[in-house]
Amino acid sequence: MTDTEQKPILCVGITPCVQRTLQFKRLELGEVNRAHAVTISAGGKACTTAHVLQALGERPVVTGFIGGNTGGLVETYLRQRGITCDFITSTGPTRICSTVLDETSGTVTELVEEAPLPTGEDWHNFDTRLMESLVNCGMVTINGALPPKAPDYIYANIAQKAVTLGVPLLIDSQRTPLLNTLAYQPLLIKLNRRELAETCGGDLANDDTAMIHAARDLVARGAQWALVTHGPHAAWLVGAEELWCFQPPRIKARNPVGAGDSTTAGVAYALRRGQTMTDATRFGLACGAADALTLVPGDVHPEVARRLLAEVEIERVK
Ligand SMILES: Nc1ncnc2c1ncn2[C@@H]1O[C@H](COP(=O)(O)OP(=O)(O)OP(=O)(O)O)[C@@H](O)[C@H]1O
Ligand SMILES: [Mg+2]
């Protein structure tokens with residue numbers, strides 16, 4: 001393994017959360033509902049991606065903002081799993097997000113708090129620390145949305161620094177903050193189908209041609225590759241000259257929250273081992289399915305992901 005390969009993957013997520021996963025036999029709106037089990041974990045997309053990378057055998061570093069007692073919970077959870085934390089401490093307390101599982105209907109409902117907006121000083125500290133972290137990493141992932149009212153050039157700043165340092169960038173985000181990174185030619189942008197529609201406009205839900213056209217447009221604007229996922233349905237990988245269609249494994253999902261972040265982790269892991277973007281995507285999609293099988297977001301068992309890999313179907317369309 002060369003020195004570059006040994007450098008860690010840096011997972012950037014501005015908005016970590018305490019993730020509560022509540023299980024109900026049957027949920028009734030407007031009634032008193034008692035959870036029969038509650039699981040607490042560190043959530044937010046970068047934490048989930050780092051969690052999966054760690055399970056796969058990487059040594060990721062996770063950064064972003066945490067604050068208050070809830071921020072302490074996030075950091076403790078990650079450190080207990082051996083994950084290196086490089087958070088900036090800000091004044092706003094870390095948010096709490098809840099996933100509600102109704103075991104009768106099988107529905108999964110997410111209750112999401114918005115993250116507090118970091119102050120100008122917080123951003124300054126983040127920027128300074130980020131430069132040091134980027135110098136020492138071999139790949140960077142940017143995961144998730146920005147807090148409301150955050151400047152929409154934040155991700156572009158990170159992308160510019162990464163490009164200057166020659167660090168490959170994978171970004172899982174949407175709308176203007178994502179669009180602003182395209183000029184820096186990120187290696188991969190990853191969105192789900194709804195996020196692609198919200199970024200590019202149009203109703204892409206049932207129109208593959210329009211969806212592919214929108215993804216191609218993001219590639220024409222600078223992304224090297226665009227991966228569009230859609231839960232259990234086909235995922236599409238678009239490059240400058242190529243178009244690939246993947247069918248995820250057929251599974252009975254328990255909790256699909258975090259499947260996208262697990263996909264990012266799987267792709268990053270495989271790319272760091274020299275795999276092609278298509279092979280890395282296959283492994284990423286298998287990791288996404290492995291995540292959907294478990295209760296806690298990011299709780300991916302590598303042996304399950306490796307088994308599911310054989311079930312990901314792949315077809316070159318162009
Ligand atoms: N029900 C499922 N069955 C099989 N595979 C799934 C299922 N849900 C997710 N996956 C796998 O995970 C990948 C990513 O899932 P999805 O499109 O739901 O991501 P997402 O919407 O970004 O999720 P999140 O943002 O909550 O992490 C899919 O392409 C697929 O490979
Ligand atoms: Mg996602």
# chains A, B, ... in the order shown; residues from 1 in each chain; ligands from 1
>>> residues_around(residues="range 144-156 of chain A", least_positions_apart="6", cutoff="9 Å", atoms="only C-alpha atoms", output="list of chain:residue names")
A:Val12, A:Gly13, A:Ile14, A:Thr15, A:Gly44, A:Lys45, A:Ala46, A:Glu114, A:Ala115, A:Pro116, A:Leu117, A:Pro118, A:Ile171, A:Asp172, A:Ser173, A:Gln174, A:Arg175, A:Thr176, A:Pro177, A:Leu178, A:Leu179, A:Asn180, A:Thr181, A:Leu182, A:Ala183, A:Tyr184, A:Asp261
>>> write_last_selection(atoms="N, CA and C atoms", output="mmCIF file, in the first residue's frame")
data_model
loop_
_atom_site.group_PDB
_atom_site.id
_atom_site.type_symbol
_atom_site.label_atom_id
_atom_site.label_comp_id
_atom_site.auth_asym_id
_atom_site.auth_seq_id
_atom_site.Cartn_x
_atom_site.Cartn_y
_atom_site.Cartn_z
ATOM 1 N N VAL A 12 -16.840 14.957 5.857
ATOM 2 C CA VAL A 12 -17.271 16.292 6.276
ATOM 3 C C VAL A 12 -18.798 16.335 6.324
ATOM 4 N N GLY A 13 -19.338 16.668 7.474
ATOM 5 C CA GLY A 13 -20.789 16.813 7.609
ATOM 6 C C GLY A 13 -21.067 17.954 8.569
ATOM 7 N N ILE A 14 -21.706 18.988 8.072
ATOM 8 C CA ILE A 14 -21.879 20.197 8.874
ATOM 9 C C ILE A 14 -22.892 19.956 9.998
ATOM 10 N N THR A 15 -23.801 18.983 9.803
ATOM 11 C CA THR A 15 -24.961 18.890 10.700
ATOM 12 C C THR A 15 -25.116 17.507 11.346
ATOM 13 N N GLY A 44 -26.562 11.861 11.321
ATOM 14 C CA GLY A 44 -26.048 12.878 10.411
ATOM 15 C C GLY A 44 -25.181 12.131 9.420
ATOM 16 N N LYS A 45 -25.209 12.591 8.182
ATOM 17 C CA LYS A 45 -24.707 11.744 7.089
ATOM 18 C C LYS A 45 -23.213 11.447 7.178
ATOM 19 N N ALA A 46 -22.410 12.408 7.618
ATOM 20 C CA ALA A 46 -20.959 12.135 7.679
ATOM 21 C C ALA A 46 -20.662 11.109 8.770
ATOM 22 N N GLU A 114 -33.897 20.857 12.360
ATOM 23 C CA GLU A 114 -32.858 21.554 11.612
ATOM 24 C C GLU A 114 -31.669 21.810 12.539
ATOM 25 N N ALA A 115 -30.480 21.823 11.971
ATOM 26 C CA ALA A 115 -29.270 22.071 12.768
ATOM 27 C C ALA A 115 -29.103 23.565 13.021
ATOM 28 N N PRO A 116 -28.491 23.924 14.162
ATOM 29 C CA PRO A 116 -28.237 25.348 14.419
ATOM 30 C C PRO A 116 -27.211 25.895 13.437
ATOM 31 N N LEU A 117 -27.328 27.186 13.149
ATOM 32 C CA LEU A 117 -26.404 27.831 12.204
ATOM 33 C C LEU A 117 -25.106 28.194 12.922
ATOM 34 N N PRO A 118 -23.959 27.690 12.454
ATOM 35 C CA PRO A 118 -22.694 28.092 13.090
ATOM 36 C C PRO A 118 -22.475 29.603 12.971
ATOM 37 N N ILE A 171 -19.239 13.786 -3.228
ATOM 38 C CA ILE A 171 -20.193 14.669 -2.550
ATOM 39 C C ILE A 171 -21.623 14.153 -2.690
ATOM 40 N N ASP A 172 -22.272 14.029 -1.530
ATOM 41 C CA ASP A 172 -23.667 13.597 -1.456
ATOM 42 C C ASP A 172 -24.460 14.777 -0.914
ATOM 43 N N SER A 173 -24.942 15.611 -1.838
ATOM 44 C CA SER A 173 -25.736 16.757 -1.408
ATOM 45 C C SER A 173 -26.667 17.143 -2.545
ATOM 46 N N GLN A 174 -27.149 18.345 -2.550
ATOM 47 C CA GLN A 174 -28.174 18.733 -3.509
ATOM 48 C C GLN A 174 -28.251 20.239 -3.650
ATOM 49 N N ARG A 175 -29.050 20.669 -4.603
ATOM 50 C CA ARG A 175 -29.358 22.086 -4.852
ATOM 51 C C ARG A 175 -28.106 22.952 -5.025
ATOM 52 N N THR A 176 -28.238 24.266 -4.721
ATOM 53 C CA THR A 176 -27.161 25.213 -5.022
ATOM 54 C C THR A 176 -25.829 24.858 -4.357
ATOM 55 N N PRO A 177 -25.801 24.432 -3.083
ATOM 56 C CA PRO A 177 -24.492 24.090 -2.503
ATOM 57 C C PRO A 177 -23.776 23.007 -3.312
ATOM 58 N N LEU A 178 -24.518 22.059 -3.873
ATOM 59 C CA LEU A 178 -23.915 21.033 -4.727
ATOM 60 C C LEU A 178 -23.517 21.643 -6.075
ATOM 61 N N LEU A 179 -24.450 22.383 -6.684
ATOM 62 C CA LEU A 179 -24.164 22.961 -8.010
ATOM 63 C C LEU A 179 -22.905 23.817 -7.978
ATOM 64 N N ASN A 180 -22.694 24.528 -6.880
ATOM 65 C CA ASN A 180 -21.521 25.404 -6.777
ATOM 66 C C ASN A 180 -20.195 24.641 -6.736
ATOM 67 N N THR A 181 -20.245 23.325 -6.438
ATOM 68 C CA THR A 181 -18.995 22.548 -6.408
ATOM 69 C C THR A 181 -18.597 22.047 -7.796
ATOM 70 N N LEU A 182 -19.519 22.074 -8.748
ATOM 71 C CA LEU A 182 -19.280 21.387 -10.019
ATOM 72 C C LEU A 182 -18.085 21.967 -10.778
ATOM 73 N N ALA A 183 -17.847 23.255 -10.610
ATOM 74 C CA ALA A 183 -16.714 23.898 -11.291
ATOM 75 C C ALA A 183 -15.387 23.273 -10.863
ATOM 76 N N TYR A 184 -15.377 22.600 -9.713
ATOM 77 C CA TYR A 184 -14.125 22.002 -9.215
ATOM 78 C C TYR A 184 -14.039 20.510 -9.548
ATOM 79 N N ASP A 261 -25.865 7.035 2.700
ATOM 80 C CA ASP A 261 -24.565 7.338 3.326
ATOM 81 C C ASP A 261 -23.680 6.097 3.337
#
>>> residues_near_ligand(ligand="ligand 2", cutoff="12 Å", atoms="only C-alpha atoms and all ligand atoms", output="VMD selection string")
chain A and resid 44 to 46 48 to 49 142 to 145 171 to 174 189 to 196 227 to 231 256 to 265 288 297
>>> write_last_selection(atoms="N, CA, C and O atoms", output="short mmCIF file (atom, residue, chain, number, x, y, z; two decimals), in the first residue's frame")
data_model
loop_
_atom_site.label_atom_id
_atom_site.label_comp_id
_atom_site.auth_asym_id
_atom_site.auth_seq_id
_atom_site.Cartn_x
_atom_site.Cartn_y
_atom_site.Cartn_z
N GLY A 44 -26.56 11.86 11.32
CA GLY A 44 -26.05 12.88 10.41
C GLY A 44 -25.18 12.13 9.42
O GLY A 44 -24.52 11.15 9.77
N LYS A 45 -25.21 12.59 8.18
CA LYS A 45 -24.71 11.74 7.09
C LYS A 45 -23.21 11.45 7.18
O LYS A 45 -22.79 10.34 6.88
N ALA A 46 -22.41 12.41 7.62
CA ALA A 46 -20.96 12.13 7.68
C ALA A 46 -20.66 11.11 8.77
O ALA A 46 -19.78 10.26 8.60
N THR A 48 -22.63 8.70 9.73
CA THR A 48 -23.04 7.38 9.22
C THR A 48 -22.01 6.85 8.24
O THR A 48 -21.62 5.67 8.29
N THR A 49 -21.55 7.71 7.33
CA THR A 49 -20.53 7.28 6.36
C THR A 49 -19.26 6.82 7.08
O THR A 49 -18.68 5.77 6.76
N ILE A 142 -18.16 14.78 1.26
CA ILE A 142 -19.02 15.83 1.83
C ILE A 142 -20.42 15.23 1.85
O ILE A 142 -20.93 14.76 0.82
N ASN A 143 -21.04 15.24 3.02
CA ASN A 143 -22.30 14.51 3.16
C ASN A 143 -23.40 15.40 3.70
O ASN A 143 -23.27 15.96 4.79
N GLY A 144 -24.49 15.49 2.97
CA GLY A 144 -25.70 16.07 3.53
C GLY A 144 -25.93 17.53 3.18
O GLY A 144 -25.14 18.17 2.49
N ALA A 145 -27.04 18.03 3.72
CA ALA A 145 -27.46 19.41 3.44
C ALA A 145 -26.81 20.37 4.45
O ALA A 145 -26.28 19.94 5.47
N ILE A 171 -19.24 13.79 -3.23
CA ILE A 171 -20.19 14.67 -2.55
C ILE A 171 -21.62 14.15 -2.69
O ILE A 171 -22.08 13.86 -3.79
N ASP A 172 -22.27 14.03 -1.53
CA ASP A 172 -23.67 13.60 -1.46
C ASP A 172 -24.46 14.78 -0.91
O ASP A 172 -24.55 14.97 0.29
N SER A 173 -24.94 15.61 -1.84
CA SER A 173 -25.74 16.76 -1.41
C SER A 173 -26.67 17.14 -2.55
O SER A 173 -26.92 16.32 -3.44
N GLN A 174 -27.15 18.35 -2.55
CA GLN A 174 -28.17 18.73 -3.51
C GLN A 174 -28.25 20.24 -3.65
O GLN A 174 -27.60 20.98 -2.92
N ILE A 189 -20.60 12.84 -7.74
CA ILE A 189 -21.71 13.42 -7.00
C ILE A 189 -22.77 12.33 -6.86
O ILE A 189 -22.98 11.54 -7.78
N LYS A 190 -23.39 12.26 -5.69
CA LYS A 190 -24.36 11.18 -5.44
C LYS A 190 -25.62 11.81 -4.89
O LYS A 190 -25.56 12.60 -3.94
N LEU A 191 -26.74 11.53 -5.52
CA LEU A 191 -28.03 12.08 -5.08
C LEU A 191 -29.06 10.96 -5.20
O LEU A 191 -28.89 10.04 -6.01
N ASN A 192 -30.12 11.07 -4.43
CA ASN A 192 -31.23 10.18 -4.75
C ASN A 192 -32.11 10.90 -5.79
O ASN A 192 -31.90 12.06 -6.11
N ARG A 193 -33.06 10.17 -6.32
CA ARG A 193 -33.82 10.68 -7.47
C ARG A 193 -34.59 11.96 -7.12
O ARG A 193 -34.71 12.89 -7.91
N ARG A 194 -35.14 11.99 -5.90
CA ARG A 194 -35.89 13.18 -5.48
C ARG A 194 -34.96 14.40 -5.38
O ARG A 194 -35.29 15.49 -5.82
N GLU A 195 -33.77 14.17 -4.82
CA GLU A 195 -32.82 15.28 -4.69
C GLU A 195 -32.37 15.79 -6.06
O GLU A 195 -32.17 16.99 -6.24
N LEU A 196 -32.24 14.86 -7.02
CA LEU A 196 -31.86 15.28 -8.38
C LEU A 196 -32.95 16.18 -8.97
O LEU A 196 -32.66 17.21 -9.57
N LEU A 227 -24.01 9.65 -9.63
CA LEU A 227 -24.73 8.42 -9.26
C LEU A 227 -26.09 8.81 -8.69
O LEU A 227 -26.17 9.59 -7.73
N VAL A 228 -27.15 8.29 -9.32
CA VAL A 228 -28.51 8.60 -8.88
C VAL A 228 -29.13 7.31 -8.33
O VAL A 228 -29.28 6.33 -9.07
N THR A 229 -29.46 7.32 -7.04
CA THR A 229 -30.04 6.13 -6.42
C THR A 229 -31.54 6.33 -6.21
O THR A 229 -32.05 7.46 -6.24
N HIS A 230 -32.23 5.22 -5.97
CA HIS A 230 -33.69 5.31 -5.76
C HIS A 230 -34.13 4.14 -4.89
O HIS A 230 -34.95 3.31 -5.32
N GLY A 231 -33.55 4.05 -3.69
CA GLY A 231 -33.94 2.98 -2.77
C GLY A 231 -33.80 1.61 -3.43
O GLY A 231 -32.74 1.29 -4.00
N PRO A 256 -34.31 1.71 6.05
CA PRO A 256 -33.45 2.19 4.95
C PRO A 256 -32.77 3.53 5.22
O PRO A 256 -31.99 4.00 4.39
N VAL A 257 -33.05 4.15 6.37
CA VAL A 257 -32.40 5.44 6.67
C VAL A 257 -30.89 5.22 6.76
O VAL A 257 -30.43 4.31 7.46
N GLY A 258 -30.13 6.03 6.04
CA GLY A 258 -28.67 5.90 6.05
C GLY A 258 -28.14 5.03 4.92
O GLY A 258 -26.93 4.90 4.76
N ALA A 259 -29.05 4.45 4.10
CA ALA A 259 -28.58 3.59 3.00
C ALA A 259 -27.73 4.39 2.02
O ALA A 259 -26.73 3.89 1.49
N GLY A 260 -28.10 5.63 1.78
CA GLY A 260 -27.33 6.47 0.86
C GLY A 260 -25.94 6.77 1.40
O GLY A 260 -24.95 6.76 0.67
N ASP A 261 -25.86 7.03 2.70
CA ASP A 261 -24.56 7.34 3.33
C ASP A 261 -23.68 6.10 3.34
O ASP A 261 -22.46 6.19 3.20
N SER A 262 -24.31 4.94 3.50
CA SER A 262 -23.56 3.68 3.45
C SER A 262 -23.07 3.42 2.04
O SER A 262 -21.98 2.87 1.84
N THR A 263 -23.87 3.82 1.05
CA THR A 263 -23.45 3.70 -0.35
C THR A 263 -22.20 4.54 -0.59
O THR A 263 -21.22 4.08 -1.18
N THR A 264 -22.22 5.78 -0.11
CA THR A 264 -21.05 6.66 -0.26
C THR A 264 -19.82 6.00 0.35
O THR A 264 -18.73 6.01 -0.24
N ALA A 265 -19.99 5.44 1.55
CA ALA A 265 -18.86 4.79 2.23
C ALA A 265 -18.32 3.63 1.40
O ALA A 265 -17.11 3.51 1.22
N GLY A 288 -25.31 -0.14 0.75
CA GLY A 288 -26.60 0.51 1.00
C GLY A 288 -27.66 -0.52 1.38
O GLY A 288 -28.43 -0.33 2.34
N PRO A 297 -28.90 3.18 11.53
CA PRO A 297 -28.25 3.70 10.33
C PRO A 297 -26.72 3.56 10.43
O PRO A 297 -26.13 3.91 11.45
#
>>> select_by_dssp(residues="range 115-258 of chain A", states="strand (DSSP E or B)", output="VMD selection string")
chain A and resid 139 to 143 169 to 172 188 to 192 225 to 230 232 to 239 243 to 247
>>> atom_distance(atom1="atom 8 (N, counted along the ligand's line) of ligand 1", atom2="CA of Ala253 in chain A")
6.6 Å
>>> closest_residue(among="A:Leu165, A:Ala50, A:Ile88, A:Ile96", to="Arg20 in chain A", atoms="only C-alpha atoms")
A:Ile96
>>> residues_around(residues="Met139 in chain A", least_positions_apart="5", cutoff="10 Å", atoms="only C-alpha atoms", output="count of residues only")
19
>>> residues_around(residues="Gly43 in chain A", least_positions_apart="2", cutoff="6 Å", atoms="only C-alpha atoms", output="PyMOL selection string")
chain A and resi 16-19+47-48
>>> closest_residue(among="A:Ala290, A:Ala226, A:Ala210, A:Gly138", to="Glu311 in chain A", atoms="only C-alpha atoms")
A:Ala290
>>> select_by_dssp(residues="range 70-264 of chain A", states="helix (DSSP H, G or I)", output="PyMOL selection string")
chain A and resi 70-80+120-135+154-165+175-179+182-184+193-200+208-220+259-264
